[in-house]
Amino acid sequence: MSDTVPVPADLDPALGEETYRLDRAHVFHSWSAQAGLDPLVIAGGSGSTLWDYDGRRYLDLSSQLVNTNIGHQHPVVVAAIKEQADTLTTINPATANLARGRAAEAVLRHVRGPFSKVFFTNGGADAIENAIRMARLHTGRAKVISRYRSYHGNTGVAINATGDWRRLHNEYATGHVHVFGPYLYRSEFWAMSPEQECERALHHLERVVQSEGPSSVAAVLLEAIPGTVGVLVPPDGYLAGVRELCDRYGIVMIVDEVMTGFGRTGHWMAHDRDGVVPDLVTFAKGSNSGYVPAGGVVISDDIAATFDERVFPGGLTYSGHPLAMASIVATIGAMEDEGVVENAASIGADVLGPGLAELADRHEVVGEVRGLGVFWAVELVADRGTREPVDASVMARLRTELLERGVLPFVAENRLHVVPPCVITPDEARRGVAAIDEALAVVGAGA
């Protein structure tokens, strides 16, 4: 964990120009209108630092898509991928493979409860896809309840479970019902306290279950902490209340830990802090920091037993791909050995939490700061009284100001997400907060 990463001396700016040319000529980007794109060109990175072909450094406060939990180019993980490539690059998922077995064992060390099986996928979206399939087959029911403020992925069922705007263009799957979850700053329930927000959100969820018919509901699917939609840390008791409700009506509880798992919140799993035990847990991103595409579903013994004598009708060519599995084993091992999860917790408690709270006190444009570990959101408003969000031009200016200060941000709607790698050092985190302070001063003056 170092903030003195040297930039290679042999960088070639011409390669940067070639990279940009090829991208604009041939690469079709996700979630984007293509004509106006101006992508950042990155040459390399290490730890929490990235650099371009001109040698300009960036402190990565985005973790890319909130997935490089162990930082960029961790030597232990890179070496493990190389070693596995020398041993066996790929193999049919129907075979037994040592890297796959060890990866399952490593994942299971950090998911509490009666779990002994893992189904591996290519990423988070198809983990959600298969978790929903398991819940439906296990219960014999069809409906899945998820939240409007959520993001679960961009495959057919996962995007229908998603609640944000991206669902609206992709609604082809059936059996999906949405509810509002707790979000006190913009409460849907006229709540005045976390306790009221929790109680009323749970009442709303139960009424939807009752109205849809409990015998038709296979699963309640929820992110442990909704991430892409705003790092909405649930009030104490909410996840436990969902667990109780699922038990009461015989519904499978699926917790999506794709973004929050493996250290992001200062816990191995974000739902650990609530003391709940889900029936299915999906994971991806942080399990190997995205070094090789991978994800999976941790399956309760009860649900796994459903398929002891019954064929599970699902599979993927690259399920448990050896290179991905080796990267999971190495990532989790390095996180254990180096105290990475503990570092994330202390960075949140000692640096990011207090530092961002000070920014909220100092800048009128900040409406609310919320988060845990290395998982924070700064919500920007045009007016603190009405809580009207700032517009897109303000957020574009904020992003530009941060890039000019050598900080790579994660900007979504009216929020700045402060989500650095779990290995970020205190000095790096303080430098990031200082850059945000300067950028907010510029943006606030013009808002």
# chains A, B, ... in the order shown; residues from 1 in each chain; ligands from 1

$ closest_atom_pairs --of "range 12-101 of chain A" --to "range 276-287 of chain A" --cutoff "8 Å" --atoms "only C-alpha atoms" --output "CSV"
residue,atom,partner,partner_atom,distance
A:Val66,CA,A:Lys285,CA,7.4
A:Asn67,CA,A:Lys285,CA,4.5
A:Thr68,CA,A:Gly286,CA,6.3
A:Asn69,CA,A:Gly286,CA,5.3
A:Ile70,CA,A:Gly286,CA,7.6

$ select_by_dssp --residues "range 104-264 of chain A" --states "helix (DSSP H, G or I)" --output "ChimeraX atom specification"
/A:104-108,124-139,156-161,165-169,184-186,194-212,214-216,238-249

$ residues_around --residues "Leu245 in chain A" --least-positions-apart "3" --cutoff "12 Å" --atoms "only C-alpha atoms" --output "VMD selection string"
chain A and resid 202 to 210 214 217 219 to 220 238 to 242 248 to 253

$ residues_around --residues "Asn170 in chain A" --least-positions-apart "3" --cutoff "9 Å" --atoms "only C-alpha atoms" --output "MDAnalysis selection string"
chainID A and resid 154 156 159:160 166:167 173

$ write_last_selection --atoms "C-alpha atoms" --output "PDB file, in the first residue's frame"
ATOM      1  CA  ASN A 154     -27.489  -5.897 -18.129  1.00  0.00           C
ATOM      2  CA  GLY A 156     -32.306 -10.162 -19.736  1.00  0.00           C
ATOM      3  CA  ILE A 159     -31.948  -5.652 -16.205  1.00  0.00           C
ATOM      4  CA  ASN A 160     -35.633  -6.262 -15.449  1.00  0.00           C
ATOM      5  CA  ARG A 166     -31.700   1.449 -17.907  1.00  0.00           C
ATOM      6  CA  ARG A 167     -34.518  -1.028 -17.265  1.00  0.00           C
ATOM      7  CA  ALA A 173     -38.600 -10.580 -19.095  1.00  0.00           C
TER       8      ALA A 173
END

$ select_by_dssp --residues "range 327-428 of chain A" --states "strand (DSSP E)" --output "ChimeraX atom specification"
/A:366-372,375-383,388-389,407-408,410-412,415-418

$ write_last_selection --atoms "C-alpha atoms" --output "PDB file, in the first residue's frame"
ATOM      1  CA  VAL A 366     -23.269  19.344  -0.751  1.00  0.00           C
ATOM      2  CA  GLY A 367     -26.648  18.037   0.339  1.00  0.00           C
ATOM      3  CA  GLU A 368     -25.628  14.788   2.013  1.00  0.00           C
ATOM      4  CA  VAL A 369     -22.598  12.561   2.516  1.00  0.00           C
ATOM      5  CA  ARG A 370     -23.120   8.865   3.244  1.00  0.00           C
ATOM      6  CA  GLY A 371     -21.129   5.659   3.184  1.00  0.00           C
ATOM      7  CA  LEU A 372     -18.881   3.103   4.857  1.00  0.00           C
ATOM      8  CA  PHE A 375     -17.821   3.261  -0.393  1.00  0.00           C
ATOM      9  CA  TRP A 376     -19.117   6.854  -0.214  1.00  0.00           C
ATOM     10  CA  ALA A 377     -21.422   9.212  -2.086  1.00  0.00           C
ATOM     11  CA  VAL A 378     -21.470  12.999  -1.993  1.00  0.00           C
ATOM     12  CA  GLU A 379     -24.892  14.196  -3.168  1.00  0.00           C
ATOM     13  CA  LEU A 380     -24.902  17.658  -4.715  1.00  0.00           C
ATOM     14  CA  VAL A 381     -27.898  19.980  -4.587  1.00  0.00           C
ATOM     15  CA  ALA A 382     -28.762  23.346  -6.071  1.00  0.00           C
ATOM     16  CA  ASP A 383     -30.644  24.267  -2.893  1.00  0.00           C
ATOM     17  CA  GLU A 388     -33.188  20.040  -5.733  1.00  0.00           C
ATOM     18  CA  PRO A 389     -30.387  18.129  -7.477  1.00  0.00           C
ATOM     19  CA  VAL A 407      -8.110  12.570  -9.663  1.00  0.00           C
ATOM     20  CA  LEU A 408     -10.166  10.034 -11.614  1.00  0.00           C
ATOM     21  CA  PHE A 410     -16.934   8.276 -10.439  1.00  0.00           C
ATOM     22  CA  VAL A 411     -19.810  10.633 -11.258  1.00  0.00           C
ATOM     23  CA  ALA A 412     -23.448   9.489 -11.433  1.00  0.00           C
ATOM     24  CA  ARG A 415     -23.547  12.449  -7.052  1.00  0.00           C
ATOM     25  CA  LEU A 416     -19.817  12.073  -6.723  1.00  0.00           C
ATOM     26  CA  HIS A 417     -19.057   8.536  -5.602  1.00  0.00           C
ATOM     27  CA  VAL A 418     -15.814   8.320  -3.619  1.00  0.00           C
TER      28      VAL A 418
END

$ residues_around --residues "range 139-143 of chain A" --least-positions-apart "4" --cutoff "6 Å" --atoms "only C-alpha atoms" --output "short mmCIF file (atom, residue, chain, number, x, y, z; two decimals) with N, CA and C atoms, in the first residue's frame"
data_model
loop_
_atom_site.label_atom_id
_atom_site.label_comp_id
_atom_site.auth_asym_id
_atom_site.auth_seq_id
_atom_site.Cartn_x
_atom_site.Cartn_y
_atom_site.Cartn_z
N GLY A 175 -42.51 -11.20 -14.73
CA GLY A 175 -42.51 -11.62 -13.34
C GLY A 175 -41.73 -10.73 -12.40
N HIS A 176 -41.50 -9.47 -12.79
CA HIS A 176 -40.71 -8.57 -11.95
C HIS A 176 -41.59 -7.47 -11.36
N SER A 216 -47.02 -16.46 -4.89
CA SER A 216 -46.49 -16.25 -6.25
C SER A 216 -45.09 -15.65 -6.24
N VAL A 217 -44.57 -15.28 -5.05
CA VAL A 217 -43.30 -14.56 -4.96
C VAL A 217 -42.17 -15.54 -4.67
N ALA A 218 -41.24 -15.67 -5.61
CA ALA A 218 -40.11 -16.57 -5.43
C ALA A 218 -39.02 -15.95 -4.59
#

$ residues_around --residues "range 263-272 of chain A" --least-positions-apart "5" --cutoff "6 Å" --atoms "only C-alpha atoms" --output "list of chain:residue names"
A:Ala224, A:Val341, A:Ala344, A:Ala345, A:Leu372, A:Gly373, A:Val374, A:Phe375

$ residues_around --residues "range 177-186 of chain A" --least-positions-apart "5" --cutoff "6 Å" --atoms "only C-alpha atoms" --output "CSV table (one decimal) with N, CA and C atoms, in the first residue's frame"
chain,number,residue,atom,x,y,z
A,145,ILE,N,-39.3,-9.7,-6.4
A,145,ILE,CA,-39.5,-8.3,-6.0
A,145,ILE,C,-38.1,-7.7,-5.8
A,146,SER,N,-37.8,-6.6,-6.4
A,146,SER,CA,-36.6,-5.8,-6.2
A,146,SER,C,-36.9,-4.4,-6.1
A,147,ARG,N,-35.9,-3.5,-6.0
A,147,ARG,CA,-36.2,-2.1,-5.7
A,147,ARG,C,-36.0,-1.2,-6.9
A,148,TYR,N,-36.8,-0.1,-6.9
A,148,TYR,CA,-36.6,0.9,-7.9
A,148,TYR,C,-35.2,1.5,-8.0
A,197,GLU,N,-38.2,5.5,8.7
A,197,GLU,CA,-37.9,5.1,7.3
A,197,GLU,C,-37.8,3.6,7.2
A,201,ALA,N,-40.6,1.5,5.2
A,201,ALA,CA,-40.1,0.7,4.0
A,201,ALA,C,-40.4,-0.7,4.1

$ closest_residue --among "A:Leu108, A:Val144, A:Gly315, A:Leu403" --to "Cys246 in chain A" --atoms "only C-alpha atoms"
A:Val144

$ atom_distance --atom1 "CA of Val351 in chain A" --atom2 "CA of Pro426 in chain A"
6.7 Å

$ closest_atom_pairs --of "range 283-320 of chain A" --to "range 119-124 of chain A" --cutoff "8 Å" --atoms "only C-alpha atoms" --output "JSON lines"
{"residue": "A:Phe283", "atom": "CA", "partner": "A:Gly124", "partner_atom": "CA", "distance": 6.1}
{"residue": "A:Ala284", "atom": "CA", "partner": "A:Gly124", "partner_atom": "CA", "distance": 5.1}
{"residue": "A:Lys285", "atom": "CA", "partner": "A:Gly124", "partner_atom": "CA", "distance": 7.2}
{"residue": "A:Pro293", "atom": "CA", "partner": "A:Asn122", "partner_atom": "CA", "distance": 5.6}
{"residue": "A:Ala294", "atom": "CA", "partner": "A:Asn122", "partner_atom": "CA", "distance": 4.5}
{"residue": "A:Gly295", "atom": "CA", "partner": "A:Gly123", "partner_atom": "CA", "distance": 4.1}
{"residue": "A:Gly296", "atom": "CA", "partner": "A:Phe120", "partner_atom": "CA", "distance": 4.1}
{"residue": "A:Val297", "atom": "CA", "partner": "A:Phe119", "partner_atom": "CA", "distance": 5.1}
{"residue": "A:Val298", "atom": "CA", "partner": "A:Phe119", "partner_atom": "CA", "distance": 6.6}
{"residue": "A:Ile299", "atom": "CA", "partner": "A:Phe119", "partner_atom": "CA", "distance": 7.5}
{"residue": "A:Leu316", "atom": "CA", "partner": "A:Thr121", "partner_atom": "CA", "distance": 6.9}
{"residue": "A:Tyr318", "atom": "CA", "partner": "A:Asn122", "partner_atom": "CA", "distance": 6.6}
{"residue": "A:Ser319", "atom": "CA", "partner": "A:Thr121", "partner_atom": "CA", "distance": 4.9}
{"residue": "A:Gly320", "atom": "CA", "partner": "A:Phe120", "partner_atom": "CA", "distance": 5.2}

$ closest_residue --among "A:Ser62, A:Asn288, A:Thr228, A:Asn130" --to "Asp164 in chain A" --atoms "only C-alpha atoms"
A:Thr228

$ atom_distance --atom1 "CA of Phe307 in chain A" --atom2 "CA of Gly113 in chain A"
19.2 Å

$ closest_residue --among "A:Ala131, A:Leu61, A:Ala80, A:His321" --to "Ile436 in chain A" --atoms "only C-alpha atoms"
A:Leu61

$ closest_residue --among "A:Leu88, A:Ala103, A:Leu59, A:Val76" --to "Gly45 in chain A" --atoms "only C-alpha atoms"
A:Leu59

$ closest_residue --among "A:Ser289, A:Asp60, A:His138, A:Ile42" --to "Arg310 in chain A" --atoms "only C-alpha atoms"
A:His138
